[in-house]
$ cat upload_27.cif   # mmCIF, C-alpha atoms
data_protein
loop_
_atom_site.label_atom_id
_atom_site.label_comp_id
_atom_site.auth_asym_id
_atom_site.auth_seq_id
_atom_site.Cartn_x
_atom_site.Cartn_y
_atom_site.Cartn_z
CA MET A 1 90.23 -113.93 -85.92
CA CYS A 2 87.44 -111.74 -84.44
CA ILE A 3 87.98 -108.91 -81.98
CA ARG A 4 86.77 -111.00 -79.03
CA ASP A 5 89.08 -113.91 -79.86
CA ARG A 6 92.12 -111.65 -80.15
CA TYR A 7 91.24 -109.96 -76.88
CA GLN A 8 90.54 -113.26 -75.12
CA ARG A 9 93.84 -114.81 -76.20
CA ARG A 10 95.77 -111.71 -75.12
CA VAL A 11 94.12 -111.51 -71.70
CA HIS A 12 93.54 -115.13 -70.75
CA GLY A 13 96.09 -117.16 -72.66
CA ASN A 14 95.89 -120.88 -71.93
CA SER A 15 92.54 -120.61 -70.18
CA ASN A 16 91.10 -120.48 -73.69
CA MET A 17 92.13 -124.07 -74.36
CA ILE A 18 90.37 -125.22 -71.20
CA ALA A 19 87.31 -123.22 -72.20
CA GLY A 20 87.38 -124.95 -75.56
CA ARG A 21 87.38 -128.39 -73.96
CA ILE A 22 84.46 -127.49 -71.71
CA ARG A 23 82.67 -125.77 -74.56
CA SER A 24 82.73 -129.01 -76.54
CA ASN A 25 80.47 -130.47 -73.86
CA PHE A 26 77.79 -128.01 -74.92
CA LEU A 27 77.42 -130.14 -78.04
CA SER A 28 76.27 -133.12 -76.00
CA SER A 29 72.61 -134.14 -76.16
CA THR A 30 71.89 -131.88 -73.18
CA GLY A 31 73.60 -128.94 -74.80
CA LYS A 32 71.86 -129.43 -78.12
CA ALA A 33 68.48 -129.72 -76.43
CA PHE A 34 69.06 -126.49 -74.51
CA PHE A 35 70.32 -124.37 -77.39
CA SER A 36 67.85 -125.68 -79.97
CA ARG A 37 64.88 -125.64 -77.63
CA ARG A 38 61.60 -124.89 -79.37
CA LYS A 39 59.15 -124.90 -76.48
CA ALA A 40 58.28 -121.37 -75.31
CA VAL A 41 60.31 -120.36 -72.26
CA ILE A 42 58.03 -117.56 -71.10
CA SER A 43 54.24 -117.47 -71.42
CA ARG A 44 51.97 -114.50 -72.07
CA ASP A 45 50.74 -114.74 -68.50
CA GLN A 46 54.31 -114.56 -67.20
CA VAL A 47 55.05 -111.54 -69.40
CA LYS A 48 51.89 -109.90 -68.04
CA PHE A 49 52.97 -110.70 -64.47
CA TYR A 50 56.42 -109.22 -65.12
CA LYS A 51 54.99 -105.98 -66.51
CA GLU A 52 52.58 -105.62 -63.60
CA ASN A 53 55.00 -106.53 -60.80
CA GLY A 54 58.49 -105.74 -62.12
CA TYR A 55 59.79 -109.29 -61.71
CA CYS A 56 59.00 -112.86 -62.67
CA VAL A 57 60.48 -116.20 -61.64
CA LEU A 58 60.67 -118.70 -64.50
CA PRO A 59 61.23 -122.09 -62.83
CA LYS A 60 63.72 -124.70 -64.06
CA VAL A 61 64.66 -123.16 -67.40
CA VAL A 62 68.28 -124.37 -67.39
CA PRO A 63 68.87 -128.14 -67.00
CA ASP A 64 71.09 -129.49 -64.23
CA GLU A 65 73.74 -130.73 -66.66
CA MET A 66 74.15 -127.24 -68.09
CA ILE A 67 74.39 -125.76 -64.61
CA GLU A 68 77.18 -128.16 -63.73
CA LEU A 69 79.13 -127.19 -66.85
CA LEU A 70 78.89 -123.52 -65.90
CA LYS A 71 79.92 -124.26 -62.33
CA SER A 72 82.94 -126.21 -63.57
CA ARG A 73 84.06 -123.15 -65.50
CA ILE A 74 83.48 -120.91 -62.48
CA LYS A 75 85.58 -123.23 -60.32
CA TYR A 76 88.39 -122.83 -62.85
CA TYR A 77 88.32 -119.05 -62.31
CA VAL A 78 88.17 -119.45 -58.55
CA LYS A 79 91.18 -121.75 -58.59
CA ASN A 80 93.13 -119.54 -61.00
CA TYR A 81 92.21 -116.24 -59.40
CA ASP A 82 93.95 -112.97 -60.06
CA LYS A 83 96.36 -112.54 -57.14
CA SER A 84 95.85 -108.78 -57.20
CA ALA A 85 92.20 -109.48 -56.32
CA LEU A 86 93.28 -110.19 -52.74
CA ARG A 87 93.27 -106.41 -52.30
CA GLU A 88 89.89 -105.87 -53.94
CA ILE A 89 86.92 -106.01 -51.61
CA PHE A 90 83.44 -105.47 -53.04
CA SER A 91 80.93 -104.03 -50.63
CA PRO A 92 77.32 -104.37 -51.72
CA SER A 93 76.47 -101.58 -49.28
CA VAL A 94 75.87 -98.27 -51.04
CA GLN A 95 77.23 -96.49 -47.99
CA LYS A 96 80.51 -98.42 -48.10
CA ARG A 97 80.91 -98.84 -51.85
CA VAL A 98 84.48 -98.13 -52.89
CA SER A 99 85.38 -97.78 -56.56
CA ASN A 100 88.92 -97.85 -57.86
CA GLU A 101 90.72 -98.55 -61.11
CA TYR A 102 90.42 -102.32 -60.69
CA PHE A 103 86.64 -102.02 -60.49
CA LEU A 104 86.23 -99.19 -63.01
CA THR A 105 88.15 -101.07 -65.72
CA SER A 106 86.40 -104.41 -65.19
CA GLY A 107 83.63 -103.92 -67.75
CA ASP A 108 85.56 -105.75 -70.44
CA LYS A 109 87.43 -108.16 -68.19
CA ILE A 110 86.90 -111.05 -65.78
CA ARG A 111 87.85 -109.82 -62.35
CA HIS A 112 87.58 -111.17 -58.82
CA PHE A 113 86.13 -109.30 -55.85
CA LEU A 114 86.35 -110.45 -52.24
CA GLU A 115 83.66 -110.44 -49.58
CA GLU A 116 84.08 -107.79 -46.89
CA LYS A 117 84.36 -110.44 -44.18
CA ALA A 118 86.97 -112.44 -46.10
CA ILE A 119 89.83 -110.19 -44.97
CA ASP A 120 90.74 -109.32 -41.40
CA ASN A 121 92.28 -106.09 -40.12
CA GLU A 122 95.76 -107.39 -40.92
CA GLY A 123 94.83 -108.15 -44.52
CA LYS A 124 94.75 -111.92 -44.05
CA LEU A 125 92.08 -114.25 -45.35
CA THR A 126 89.52 -115.34 -42.76
CA VAL A 127 88.26 -118.25 -44.88
CA PRO A 128 89.78 -120.54 -47.52
CA ILE A 129 90.13 -118.74 -50.85
CA GLU A 130 87.41 -120.84 -52.50
CA PHE A 131 84.87 -119.27 -50.13
CA ALA A 132 86.30 -115.76 -50.09
CA PHE A 133 84.87 -114.23 -53.25
CA ASN A 134 81.80 -112.05 -53.45
CA LYS A 135 81.67 -112.15 -57.25
CA ILE A 136 83.59 -112.37 -60.51
CA GLY A 137 82.74 -110.21 -63.53
CA HIS A 138 81.88 -108.04 -65.44
CA GLY A 139 82.54 -109.07 -69.06
CA MET A 140 82.25 -112.85 -68.85
CA HIS A 141 79.65 -112.99 -71.62
CA ASP A 142 82.05 -111.50 -74.17
CA ILE A 143 85.36 -113.00 -73.02
CA ASP A 144 84.86 -116.57 -71.88
CA SER A 145 83.64 -118.82 -74.71
CA VAL A 146 81.55 -121.02 -72.40
CA PHE A 147 79.68 -118.09 -70.89
CA GLU A 148 79.45 -116.40 -74.28
CA LYS A 149 77.61 -119.34 -75.79
CA PHE A 150 75.33 -119.59 -72.77
CA SER A 151 74.64 -115.85 -72.48
CA TYR A 152 73.81 -115.33 -76.15
CA SER A 153 71.72 -118.49 -76.43
CA PRO A 154 68.29 -118.32 -78.10
CA ILE A 155 66.65 -118.96 -74.74
CA PHE A 156 67.62 -115.58 -73.33
CA LYS A 157 67.01 -113.79 -76.62
CA GLU A 158 63.46 -115.14 -76.55
CA ILE A 159 62.90 -113.97 -72.98
CA ILE A 160 64.27 -110.48 -73.49
CA LYS A 161 62.30 -110.07 -76.73
CA ALA A 162 59.08 -111.25 -75.08
CA ILE A 163 59.22 -108.50 -72.47
CA GLY A 164 59.57 -105.81 -75.11
CA PHE A 165 63.22 -105.23 -75.98
CA GLN A 166 63.77 -104.01 -79.53
CA ASN A 167 67.56 -104.04 -79.83
CA PRO A 168 69.17 -105.19 -76.56
CA LEU A 169 72.81 -104.80 -75.66
CA LEU A 170 74.16 -107.25 -73.09
CA VAL A 171 76.43 -104.90 -71.15
CA GLN A 172 77.32 -106.71 -67.94
CA SER A 173 77.61 -110.22 -66.56
CA MET A 174 78.85 -111.65 -63.30
CA VAL A 175 78.83 -114.66 -61.02
CA ILE A 176 77.55 -113.91 -57.53
CA PHE A 177 78.62 -116.47 -54.94
CA LYS A 178 76.81 -115.65 -51.68
CA ASN A 179 79.10 -118.16 -50.04
CA PRO A 180 78.16 -119.97 -46.80
CA LYS A 181 78.51 -118.09 -43.51
CA ILE A 182 80.18 -115.13 -45.23
CA GLY A 183 77.95 -113.99 -48.09
CA GLY A 184 77.04 -110.38 -47.33
CA ALA A 185 73.65 -108.68 -47.40
CA VAL A 186 72.74 -106.53 -50.39
CA PRO A 187 70.76 -103.40 -49.42
CA PRO A 188 67.59 -102.32 -51.24
CA HIS A 189 68.48 -100.96 -54.67
CA LYS A 190 67.32 -100.54 -58.26
CA ASP A 191 69.64 -101.64 -61.07
CA ASN A 192 68.91 -98.50 -63.10
CA THR A 193 70.94 -96.68 -60.45
CA PHE A 194 74.11 -98.37 -61.68
CA LEU A 195 73.57 -98.80 -65.44
CA ILE A 196 72.16 -95.55 -66.73
CA THR A 197 70.55 -94.86 -70.08
CA LYS A 198 68.22 -92.13 -71.27
CA PRO A 199 65.48 -93.20 -71.12
CA LEU A 200 66.15 -95.78 -68.41
CA SER A 201 66.15 -99.26 -69.95
CA CYS A 202 68.09 -101.71 -67.77
CA THR A 203 66.71 -105.21 -67.24
CA GLY A 204 68.36 -108.08 -65.37
CA ILE A 205 68.30 -111.82 -65.99
CA TRP A 206 69.36 -113.74 -62.88
CA VAL A 207 70.08 -117.47 -63.28
CA ALA A 208 70.01 -119.63 -60.15
CA LEU A 209 73.04 -121.94 -60.30
CA GLU A 210 72.01 -123.32 -56.91
CA ASP A 211 68.76 -123.28 -54.97
CA ALA A 212 68.02 -119.78 -53.65
CA LYS A 213 65.98 -120.06 -50.45
CA LYS A 214 65.12 -117.97 -47.44
CA GLY A 215 67.77 -119.81 -45.46
CA ASN A 216 70.71 -118.99 -47.73
CA GLY A 217 70.13 -115.36 -48.58
CA CYS A 218 67.65 -115.40 -51.45
CA MET A 219 66.42 -112.16 -52.98
CA TYR A 220 63.42 -110.17 -51.80
CA GLY A 221 61.60 -107.58 -53.85
CA VAL A 222 58.67 -105.18 -53.70
CA PRO A 223 55.99 -105.93 -56.33
CA GLY A 224 55.04 -102.84 -58.31
CA SER A 225 58.08 -100.85 -57.19
CA HIS A 226 59.27 -100.64 -60.81
CA ASN A 227 56.61 -98.00 -61.43
CA ARG A 228 58.84 -95.49 -59.63
CA PRO A 229 62.31 -94.90 -61.12
CA PRO A 230 65.34 -94.30 -58.91
CA GLY A 231 66.29 -90.71 -58.24
CA SER A 232 69.87 -91.50 -57.24
CA PHE A 233 72.52 -92.65 -59.70
CA MET A 234 76.10 -93.90 -59.35
CA VAL A 235 78.40 -92.07 -61.78
CA ARG A 236 82.12 -91.60 -62.26
CA ASN A 237 83.60 -88.65 -60.42
CA GLU A 238 85.28 -85.79 -62.26
CA ALA A 239 88.73 -87.29 -61.74
CA GLN A 240 87.57 -90.59 -63.29
CA ASP A 241 89.16 -92.51 -60.42
CA GLY A 242 86.05 -93.31 -58.39
CA THR A 243 82.30 -92.96 -58.22
CA VAL A 244 79.78 -90.70 -56.54
CA PHE A 245 76.02 -90.76 -56.19
CA VAL A 246 74.03 -87.90 -57.66
CA ASN A 247 70.33 -87.14 -57.23
CA GLU A 248 68.53 -86.38 -60.49
CA GLY A 249 64.90 -86.25 -61.57
CA ASP A 250 61.92 -86.88 -59.34
CA GLY A 251 62.49 -90.58 -58.65
CA ASP A 252 63.03 -92.27 -55.30
CA VAL A 253 66.20 -91.61 -53.31
CA THR A 254 65.07 -93.59 -50.26
CA TYR A 255 63.30 -96.92 -50.36
CA ASP A 256 60.44 -98.52 -48.45
CA THR A 257 60.60 -102.32 -48.40
CA ASN A 258 57.12 -102.84 -46.94
CA GLY A 259 55.30 -105.48 -48.91
CA ALA A 260 58.49 -107.24 -50.04
CA VAL A 261 58.12 -110.86 -51.12
CA CYS A 262 60.68 -113.64 -51.14
CA LEU A 263 61.91 -114.57 -54.62
CA GLU A 264 62.84 -118.16 -53.96
CA ALA A 265 64.29 -119.77 -57.07
CA PRO A 266 65.16 -123.47 -57.48
CA LYS A 267 68.40 -124.31 -59.27
CA GLY A 268 68.05 -123.67 -62.99
CA SER A 269 65.39 -120.99 -62.60
CA VAL A 270 65.58 -117.61 -64.30
CA VAL A 271 64.50 -114.46 -62.46
CA LEU A 272 63.58 -111.41 -64.55
CA LEU A 273 64.22 -108.06 -62.85
CA HIS A 274 63.03 -104.72 -64.18
CA GLY A 275 65.71 -102.05 -63.79
CA SER A 276 63.52 -100.03 -61.42
CA PHE A 277 62.34 -103.04 -59.39
CA LEU A 278 63.39 -102.65 -55.75
CA HIS A 279 65.19 -105.75 -54.51
CA PHE A 280 67.64 -106.82 -51.80
CA SER A 281 68.94 -109.85 -49.92
CA ASP A 282 70.06 -110.77 -46.41
CA ASP A 283 73.36 -112.20 -45.17
CA ASN A 284 73.90 -115.86 -45.90
CA THR A 285 74.52 -117.31 -42.44
CA SER A 286 73.71 -120.86 -43.55
CA PRO A 287 76.18 -123.64 -44.44
CA HIS A 288 74.93 -123.55 -48.04
CA SER A 289 76.12 -121.28 -50.87
CA ARG A 290 73.78 -119.49 -53.30
CA TRP A 291 75.61 -119.18 -56.59
CA ALA A 292 73.97 -117.22 -59.39
CA TYR A 293 74.88 -115.87 -62.82
CA THR A 294 73.40 -112.52 -63.73
CA MET A 295 73.25 -110.51 -66.95
CA HIS A 296 72.11 -106.94 -67.53
CA TYR A 297 70.68 -105.56 -70.75
CA VAL A 298 69.93 -102.05 -72.01
CA GLU A 299 68.35 -100.81 -75.24
CA LYS A 300 70.88 -99.91 -77.92
CA ASP A 301 68.74 -96.99 -79.04
CA ALA A 302 68.71 -95.52 -75.53
CA GLN A 303 71.60 -93.14 -74.80
CA TRP A 304 74.37 -94.77 -72.78
CA ASP A 305 75.31 -92.24 -70.12
CA PRO A 306 79.00 -91.30 -70.51
CA ARG A 307 79.19 -90.99 -66.72
CA ASN A 308 78.42 -94.70 -66.20
CA TRP A 309 81.04 -96.53 -64.15
CA LEU A 310 81.01 -99.28 -66.79
CA GLN A 311 82.75 -98.15 -69.97
CA ARG A 312 84.34 -100.03 -72.87
CA ASP A 313 86.62 -98.97 -75.68
CA GLU A 314 86.65 -99.96 -79.34
CA THR A 315 88.63 -103.16 -78.72
CA LEU A 316 85.59 -104.88 -77.17
CA PRO A 317 82.39 -102.90 -77.80
CA PHE A 318 78.94 -103.89 -76.58
CA ARG A 319 77.25 -106.26 -79.02
CA PRO A 320 73.56 -106.26 -80.04
CA SER A 321 72.28 -109.51 -78.55
CA PHE A 322 69.93 -110.41 -81.38
CA GLU A 323 72.79 -110.18 -83.89
CA VAL A 324 75.26 -112.41 -82.02
CA THR A 325 75.52 -116.01 -83.14
CA VAL A 326 77.88 -118.37 -81.31
#

$ encode --input "upload_27.cif" --output "C-alpha cells"
Amino acid sequence: MCIRDRYQRRVHGNSNMIAGRIRSNFLSSTGKAFFSRRKAVISRDQVKFYKENGYCVLPKVVPDEMIELLKSRIKYYVKNYDKSALREIFSPSVQKRVSNEYFLTSGDKIRHFLEEKAIDNEGKLTVPIEFAFNKIGHGMHDIDSVFEKFSYSPIFKEIIKAIGFQNPLLVQSMVIFKNPKIGGAVPPHKDNTFLITKPLSCTGIWVALEDAKKGNGCMYGVPGSHNRPPGSFMVRNEAQDGTVFVNEGDGDVTYDTNGAVCLEAPKGSVVLLHGSFLHFSDDNTSPHSRWAYTMHYVEKDAQWDPRNWLQRDETLPFRPSFEVTV
C-alpha cells in the first residue's frame, strides 16, 4: 500500500469506498475519452498569448460529464463537513487574513473554510450549510482518489509542459465555491505572494466547474502584469502559529488594476494564471454560484521557501507531476 493510500485510509476512512465507486465512473466512455485524449489542448498561439499576457483562457477543455462527477464528489465533502470547520472563516482580504493551526496544517489535508458572511456575531450560520463554505482544500489532489486522477491527468501535464515547466510539483489544490449572494470579493493579488520559491515559479490552473460570468463574480486580471513580480510575501511568523507579510526585493507592494479585463470562462474551461499575474474578483451578489477547482504548481528545482505557510512532512511529500501515474 503506497504512502498516499495509507494516509487516505487513516484520515478519511469510509469516504475512500465512496471515492472508489465514483472513481469507477471515470472508466466510462467519457472518462476514457478525457484521459486518453490525443488532440492538443493548448495551441502555440495560446502559449504565446499566455507568455505575453500572463493568462490564457482555454475554453471547454473538460466535458460536462466529467464536471458533474467532480461536483458529486464535492457535494459529498460539503455534506460530510468537518464540524470543527464551523469555527474556521477564510477571509480572502489580505488585510483581514487570519492564519491559525487549522489553516497552517491544511496543506496535506482536505479542510473546510467558511465565508466571512456565513457566521453572524453570535457564531450562528446565516445561510444553510451547503452555501456557507468559501472553499475546501488544500491537498485534494493527493488525498482524494477522484481528484487525484483528475489532477494528474495527461491533459494538465500537457498544458503545464507546453508553457515551459521542466519538473513541476503540484503543491496545492482547492475547490472555490463563490456561492450565491454570499461569495466574497477577492482583492488584487499575485499567487507568488503565497507560494514562494527562489526563483519564483508558481503557476495556477483554474478549472471552471460552472460558468464564470461578470454577474456571478468572475475573475478580472491585468494583462502584462506578470512582468512585475510581487514585492510582498506571506510567510509563517517566528512562533509558527500564524502568518505575516514581509516586503522583499524590488517588486510591487501595491497594485494598480487599471486595464483589467474580465476573464469569463464557460463551464469546463481552463484558465492559466502566471504566478505574478495580477487578478481579483468581485462579490457574488447573484443567485448563481461560481464553483471552480484550482491547482498550483512550482518547479521542483526551484528552492521551496521554508517560511511558506504551506508545509508537508515525509508522510505525504509533494510529487513530481510528470512522474505520477494514476

$ resolve_selection --input "upload_27.cif" --expression "the PyMOL selection byres ((chain A and resi 242) around 12)" --output "ChimeraX atom specification"
/A:97-105,234-241,243-245,307-310

$ atom_distance --input "upload_27.cif" --atom1 "atom CA of Ile67 of chain A" --atom2 "atom CA of Ser43 of chain A"
22.8 Å

$ residues_around --input "upload_27.cif" --residues "Asp305 of chain A" --least-positions-apart "6" --cutoff "10 Å" --atoms "all atoms listed in the file" --output "JSON, numbers by chain"
{"A": [195, 196, 197, 198, 199, 200, 235, 311]}

$ residues_around --input "upload_27.cif" --residues "segment 277-293 of chain A" --least-positions-apart "5" --cutoff "7 Å" --atoms "only C-alpha atoms" --output "number ranges by chain"
A: 54, 174-190, 206-212, 215-222, 225-226

$ closest_residue --input "upload_27.cif" --among "A:Ile160, A:Val146, A:Val261, A:Ile155" --to "Lys39 of chain A" --atoms "all atoms listed in the file"
A:Ile155

$ resolve_selection --input "upload_27.cif" --expression "the PyMOL selection byres ((chain A and resi 151) around 10)" --output "tab-separated table (two decimals) with C-alpha atoms, in the coordinates of the input"
chain	number	residue	atom	x	y	z
A	140	MET	CA	82.25	-112.85	-68.85
A	141	HIS	CA	79.65	-112.99	-71.62
A	142	ASP	CA	82.05	-111.50	-74.17
A	145	SER	CA	83.64	-118.82	-74.71
A	146	VAL	CA	81.55	-121.02	-72.40
A	147	PHE	CA	79.68	-118.09	-70.89
A	148	GLU	CA	79.45	-116.40	-74.28
A	149	LYS	CA	77.61	-119.34	-75.79
A	150	PHE	CA	75.33	-119.59	-72.77
A	152	TYR	CA	73.81	-115.33	-76.15
A	153	SER	CA	71.72	-118.49	-76.43
A	154	PRO	CA	68.29	-118.32	-78.10
A	155	ILE	CA	66.65	-118.96	-74.74
A	156	PHE	CA	67.62	-115.58	-73.33
A	157	LYS	CA	67.01	-113.79	-76.62
A	170	LEU	CA	74.16	-107.25	-73.09
A	173	SER	CA	77.61	-110.22	-66.56
A	205	ILE	CA	68.30	-111.82	-65.99
A	293	TYR	CA	74.88	-115.87	-62.82
A	294	THR	CA	73.40	-112.52	-63.73
A	295	MET	CA	73.25	-110.51	-66.95
A	321	SER	CA	72.28	-109.51	-78.55
A	326	VAL	CA	77.88	-118.37	-81.31

$ resolve_selection --input "upload_27.cif" --expression "the PyMOL selection byres ((chain A and resi 312) around 10)" --output "list of chain:residue names"
A:Thr105, A:Ser106, A:Gly107, A:Asp108, A:Lys109, A:Gly139, A:Val171, A:Trp309, A:Leu310, A:Gln311, A:Asp313, A:Glu314, A:Thr315, A:Leu316, A:Pro317, A:Phe318

$ axis_aligned_box --input "upload_27.cif" --around "segment 215-221 of chain A" --padding-each-side "5 Å" --output "AutoDock Vina command-line options"
--center_x 66.2 --center_y -113.7 --center_z -49.7 --size_x 19.1 --size_y 22.2 --size_z 18.4

$ residues_near_point --input "upload_27.cif" --point "(58.8, -120.8, -74.1)" --cutoff "12 Å" --atoms "all atoms listed in the file" --output "ChimeraX atom specification"
/A:34,36-47,58-61,154-162

$ closest_residue --input "upload_27.cif" --among "A:Val271, A:Leu125, A:Cys56, A:Val298" --to "Pro223 of chain A" --atoms "all atoms listed in the file"
A:Cys56

$ closest_residue --input "upload_27.cif" --among "A:Arg228, A:Glu52, A:Val57, A:His112" --to "Val270 of chain A" --atoms "all atoms listed in the file"
A:Val57

$ atom_distance --input "upload_27.cif" --atom1 "atom CA of Asp191 of chain A" --atom2 "atom CA of Gly275 of chain A"
4.8 Å

$ residues_around --input "upload_27.cif" --residues "Glu299 of chain A" --least-positions-apart "4" --cutoff "8 Å" --atoms "only C-alpha atoms" --output "MDAnalysis selection string"
chainID A and resid 165:169 201:202

$ atom_distance --input "upload_27.cif" --atom1 "atom CA of Phe131 of chain A" --atom2 "atom CA of Lys267 of chain A"
19.5 Å

$ decode --input "upload_27.cif" --residues "segment 213-225 of chain A" --atoms "N, CA and C atoms" --output "short mmCIF file (atom, residue, chain, number, x, y, z; two decimals), in the first residue's frame"
data_model
loop_
_atom_site.label_atom_id
_atom_site.label_comp_id
_atom_site.auth_asym_id
_atom_site.auth_seq_id
_atom_site.Cartn_x
_atom_site.Cartn_y
_atom_site.Cartn_z
N LYS A 213 -19.09 34.26 -14.96
CA LYS A 213 -19.51 35.43 -15.73
C LYS A 213 -19.38 36.69 -14.88
N LYS A 214 -19.53 37.82 -15.54
CA LYS A 214 -19.49 39.09 -14.82
C LYS A 214 -20.52 39.12 -13.70
N GLY A 215 -21.68 38.52 -13.94
CA GLY A 215 -22.76 38.59 -12.97
C GLY A 215 -22.57 37.77 -11.72
N ASN A 216 -21.69 36.75 -11.77
CA ASN A 216 -21.54 35.90 -10.58
C ASN A 216 -20.12 35.89 -10.02
N GLY A 217 -19.42 36.99 -10.22
CA GLY A 217 -18.13 37.15 -9.57
C GLY A 217 -16.96 36.52 -10.29
N CYS A 218 -16.92 36.60 -11.61
CA CYS A 218 -15.80 36.03 -12.35
C CYS A 218 -14.52 36.80 -12.07
N MET A 219 -13.40 36.21 -12.45
CA MET A 219 -12.11 36.86 -12.24
C MET A 219 -11.90 38.01 -13.22
N TYR A 220 -11.09 38.97 -12.76
CA TYR A 220 -10.53 40.01 -13.60
C TYR A 220 -9.01 39.95 -13.47
N GLY A 221 -8.31 40.40 -14.50
CA GLY A 221 -6.86 40.42 -14.42
C GLY A 221 -6.28 41.49 -15.31
N VAL A 222 -5.04 41.86 -15.04
CA VAL A 222 -4.37 42.93 -15.77
C VAL A 222 -3.35 42.32 -16.73
N PRO A 223 -3.62 42.33 -18.04
CA PRO A 223 -2.67 41.76 -19.00
C PRO A 223 -1.29 42.39 -18.88
N GLY A 224 -0.27 41.57 -18.90
CA GLY A 224 1.10 42.05 -18.82
C GLY A 224 1.62 42.28 -17.41
N SER A 225 0.74 42.18 -16.42
CA SER A 225 1.15 42.45 -15.04
C SER A 225 2.13 41.42 -14.50
#
